[in-house]
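Listing of upload18.cif; format and content: mmCIF, N, CA and C atoms.
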```cif
data_query
loop_
_atom_site.label_atom_id
_atom_site.label_comp_id
_atom_site.auth_asym_id
_atom_site.auth_seq_id
_atom_site.Cartn_x
_atom_site.Cartn_y
_atom_site.Cartn_z
N MET A 7 115.49 48.52 126.39
CA MET A 7 115.28 49.85 126.92
C MET A 7 116.39 50.76 126.40
N ARG A 8 116.02 51.96 126.08
CA ARG A 8 116.95 52.91 125.52
C ARG A 8 117.78 53.55 126.63
N ARG A 9 119.07 53.65 126.41
CA ARG A 9 119.95 54.28 127.40
C ARG A 9 120.03 55.76 127.13
N ARG A 10 119.95 56.55 128.16
CA ARG A 10 120.02 58.00 128.04
C ARG A 10 121.25 58.51 128.76
N ALA A 11 121.78 59.58 128.25
CA ALA A 11 122.94 60.19 128.89
C ALA A 11 122.52 60.83 130.21
N LEU A 12 123.39 60.78 131.19
CA LEU A 12 123.09 61.38 132.48
C LEU A 12 123.35 62.88 132.40
N VAL A 13 122.33 63.66 132.63
CA VAL A 13 122.45 65.11 132.63
C VAL A 13 121.72 65.66 133.84
N ILE A 14 122.14 66.84 134.23
CA ILE A 14 121.45 67.51 135.33
C ILE A 14 120.18 68.14 134.74
N THR A 15 119.06 67.83 135.33
CA THR A 15 117.80 68.35 134.79
C THR A 15 117.29 69.50 135.65
N ASP A 16 116.45 70.29 135.05
CA ASP A 16 115.84 71.43 135.72
C ASP A 16 114.34 71.15 135.81
N ASP A 17 113.82 71.08 137.03
CA ASP A 17 112.40 70.77 137.20
C ASP A 17 111.49 71.90 136.75
N ALA A 18 112.02 73.12 136.63
CA ALA A 18 111.20 74.25 136.23
C ALA A 18 111.02 74.31 134.71
N ALA A 19 111.67 73.43 133.98
CA ALA A 19 111.60 73.49 132.52
C ALA A 19 110.27 73.00 131.98
N ARG A 20 109.53 72.18 132.72
CA ARG A 20 108.19 71.71 132.37
C ARG A 20 108.14 70.71 131.21
N HIS A 21 109.20 70.46 130.53
CA HIS A 21 109.19 69.51 129.43
C HIS A 21 110.50 68.72 129.50
N PRO A 22 110.44 67.41 129.29
CA PRO A 22 111.66 66.59 129.42
C PRO A 22 112.80 67.04 128.52
N PHE A 23 112.48 67.44 127.29
CA PHE A 23 113.54 67.89 126.39
C PHE A 23 114.17 69.18 126.89
N LEU A 24 113.34 70.13 127.31
CA LEU A 24 113.88 71.40 127.82
C LEU A 24 114.67 71.18 129.10
N ALA A 25 114.23 70.23 129.91
CA ALA A 25 114.94 69.97 131.16
C ALA A 25 116.32 69.38 130.91
N SER A 26 116.50 68.70 129.78
CA SER A 26 117.80 68.10 129.50
C SER A 26 118.78 69.07 128.87
N LEU A 27 118.34 70.25 128.47
CA LEU A 27 119.23 71.23 127.86
C LEU A 27 120.07 71.94 128.91
N PRO A 28 121.28 72.36 128.54
CA PRO A 28 122.10 73.11 129.48
C PRO A 28 121.47 74.48 129.78
N PRO A 29 121.79 75.06 130.93
CA PRO A 29 121.16 76.34 131.32
C PRO A 29 121.42 77.48 130.34
N HIS A 30 122.60 77.52 129.73
CA HIS A 30 122.88 78.65 128.83
C HIS A 30 122.06 78.57 127.55
N VAL A 31 121.54 77.40 127.22
CA VAL A 31 120.69 77.26 126.04
C VAL A 31 119.25 77.65 126.37
N ARG A 32 118.82 77.35 127.60
CA ARG A 32 117.45 77.60 128.02
C ARG A 32 117.22 78.99 128.57
N LYS A 33 118.23 79.79 128.70
CA LYS A 33 118.03 81.08 129.37
C LYS A 33 116.95 81.89 128.68
N THR A 34 116.14 82.54 129.48
CA THR A 34 114.98 83.27 128.97
C THR A 34 115.20 84.76 129.03
N GLY A 35 116.37 85.20 128.65
CA GLY A 35 116.67 86.62 128.67
C GLY A 35 115.92 87.36 127.59
N GLU A 36 116.62 88.16 126.88
CA GLU A 36 116.02 88.99 125.84
C GLU A 36 115.61 88.10 124.66
N VAL A 37 114.42 88.34 124.18
CA VAL A 37 113.91 87.58 123.03
C VAL A 37 114.11 88.43 121.79
N ARG A 38 114.77 87.85 120.82
CA ARG A 38 114.99 88.58 119.57
C ARG A 38 113.84 88.31 118.62
N VAL A 39 113.32 89.38 118.05
CA VAL A 39 112.26 89.25 117.07
C VAL A 39 112.82 89.73 115.74
N ILE A 40 112.76 88.86 114.76
CA ILE A 40 113.28 89.20 113.45
C ILE A 40 112.13 89.69 112.59
N HIS A 41 112.23 90.93 112.17
CA HIS A 41 111.21 91.49 111.29
C HIS A 41 111.70 91.36 109.86
N ARG A 42 110.90 90.71 109.07
CA ARG A 42 111.26 90.56 107.67
C ARG A 42 110.50 91.57 106.84
N LYS A 43 111.16 92.02 105.81
CA LYS A 43 110.52 92.97 104.93
C LYS A 43 109.43 92.28 104.13
N LYS A 44 108.36 92.99 103.91
CA LYS A 44 107.27 92.46 103.12
C LYS A 44 107.74 92.37 101.66
N PRO A 45 107.56 91.22 101.03
CA PRO A 45 108.02 91.11 99.64
C PRO A 45 107.23 92.04 98.73
N THR A 46 107.95 92.67 97.85
CA THR A 46 107.31 93.58 96.92
C THR A 46 107.22 92.92 95.56
N THR A 47 106.19 93.25 94.84
CA THR A 47 106.00 92.72 93.50
C THR A 47 106.42 93.78 92.51
N SER A 48 107.45 93.45 91.73
CA SER A 48 107.92 94.41 90.75
C SER A 48 107.28 94.12 89.40
N GLY A 49 107.41 95.06 88.51
CA GLY A 49 106.86 94.87 87.17
C GLY A 49 107.56 93.74 86.43
N ASN A 50 108.84 93.53 86.72
CA ASN A 50 109.57 92.47 86.04
C ASN A 50 109.05 91.10 86.45
N SER A 51 108.73 90.90 87.72
CA SER A 51 108.27 89.59 88.15
C SER A 51 106.89 89.28 87.57
N ILE A 52 106.04 90.28 87.46
CA ILE A 52 104.72 90.07 86.86
C ILE A 52 104.88 89.76 85.37
N ARG A 53 105.76 90.50 84.72
CA ARG A 53 106.00 90.27 83.29
C ARG A 53 106.57 88.88 83.05
N ASP A 54 107.52 88.46 83.90
CA ASP A 54 108.11 87.12 83.76
C ASP A 54 107.06 86.04 83.98
N PHE A 55 106.19 86.22 84.97
CA PHE A 55 105.14 85.25 85.22
C PHE A 55 104.21 85.14 84.02
N LEU A 56 103.79 86.26 83.47
CA LEU A 56 102.88 86.23 82.32
C LEU A 56 103.54 85.61 81.10
N MET A 57 104.82 85.89 80.89
CA MET A 57 105.53 85.29 79.75
C MET A 57 105.61 83.78 79.91
N ASN A 58 105.91 83.30 81.11
CA ASN A 58 105.99 81.86 81.35
C ASN A 58 104.61 81.20 81.22
N TYR A 59 103.59 81.86 81.71
CA TYR A 59 102.23 81.33 81.61
C TYR A 59 101.82 81.20 80.15
N CYS A 60 102.07 82.24 79.38
CA CYS A 60 101.70 82.19 77.96
C CYS A 60 102.51 81.15 77.21
N ALA A 61 103.79 81.00 77.52
CA ALA A 61 104.63 80.00 76.86
C ALA A 61 104.14 78.60 77.18
N CYS A 62 103.79 78.34 78.43
CA CYS A 62 103.28 77.02 78.80
C CYS A 62 101.93 76.76 78.16
N PHE A 63 101.08 77.78 78.13
CA PHE A 63 99.77 77.62 77.49
C PHE A 63 99.93 77.31 76.01
N ALA A 64 100.84 78.01 75.34
CA ALA A 64 101.06 77.77 73.91
C ALA A 64 101.63 76.36 73.68
N ALA A 65 102.57 75.93 74.53
CA ALA A 65 103.15 74.61 74.37
C ALA A 65 102.11 73.51 74.56
N ILE A 66 101.23 73.66 75.55
CA ILE A 66 100.18 72.68 75.79
C ILE A 66 99.17 72.68 74.66
N ALA A 67 98.82 73.88 74.16
CA ALA A 67 97.88 73.98 73.06
C ALA A 67 98.43 73.31 71.79
N VAL A 68 99.72 73.50 71.51
CA VAL A 68 100.35 72.85 70.36
C VAL A 68 100.40 71.34 70.56
N PHE A 69 100.68 70.89 71.77
CA PHE A 69 100.75 69.47 72.05
C PHE A 69 99.39 68.80 71.88
N ILE A 70 98.32 69.46 72.31
CA ILE A 70 96.98 68.89 72.23
C ILE A 70 96.49 68.90 70.78
N ALA A 71 96.77 69.98 70.06
CA ALA A 71 96.26 70.12 68.70
C ALA A 71 96.92 69.23 67.70
#
```

Write the structure described by the file as structure tokens, please.
Amino acid sequence: MRRRALVITDDAARHPFLASLPPHVRKTGEVRVIHRKKPTTSGNSIRDFLMNYCACFAAIAVFIA
């Protein structure tokens, strides 16, 4: 049988893992929402993708031929 550390549990936590956490970790105060910027596609990234695609296509074509 696995031994567990003795901790004070909170019956309102509804889950055994949450009940074993200290109160300052479980506090349900303000929730932070992180808004990330939508990635933009620049002309350089499209150009780099097309250059790599063409280089790989040419390398495979030379290898097959």

- Message: So the first atom is atom CA of A:His21 and the second is atom N of A:Lys33; what is the distance between them in Å, to one decimal place?
- Response: 13.7 Å

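When atom N of A:Ala71 is paired with atom CA of A:Ile52, their separation reads 27.4 Å.
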
Please report, as AutoDock Vina command-line options, the centre and edge lengths in Å to one decimal of an axis-aligned box covering all listed atoms of stretch 49-64 of chain A with 3 Å per side.
```
--center_x 104.7 --center_y 85.7 --center_z 81.1 --size_x 15.8 --size_y 24.7 --size_z 20.8
```

- Give me, please, the distance in Å between atom CA of A:Ala64 and atom CA of A:Gly49, quoted to one decimal.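 Taking atom CA of A:Ala64 and atom CA of A:Gly49, their separation equals 22.4 Å.
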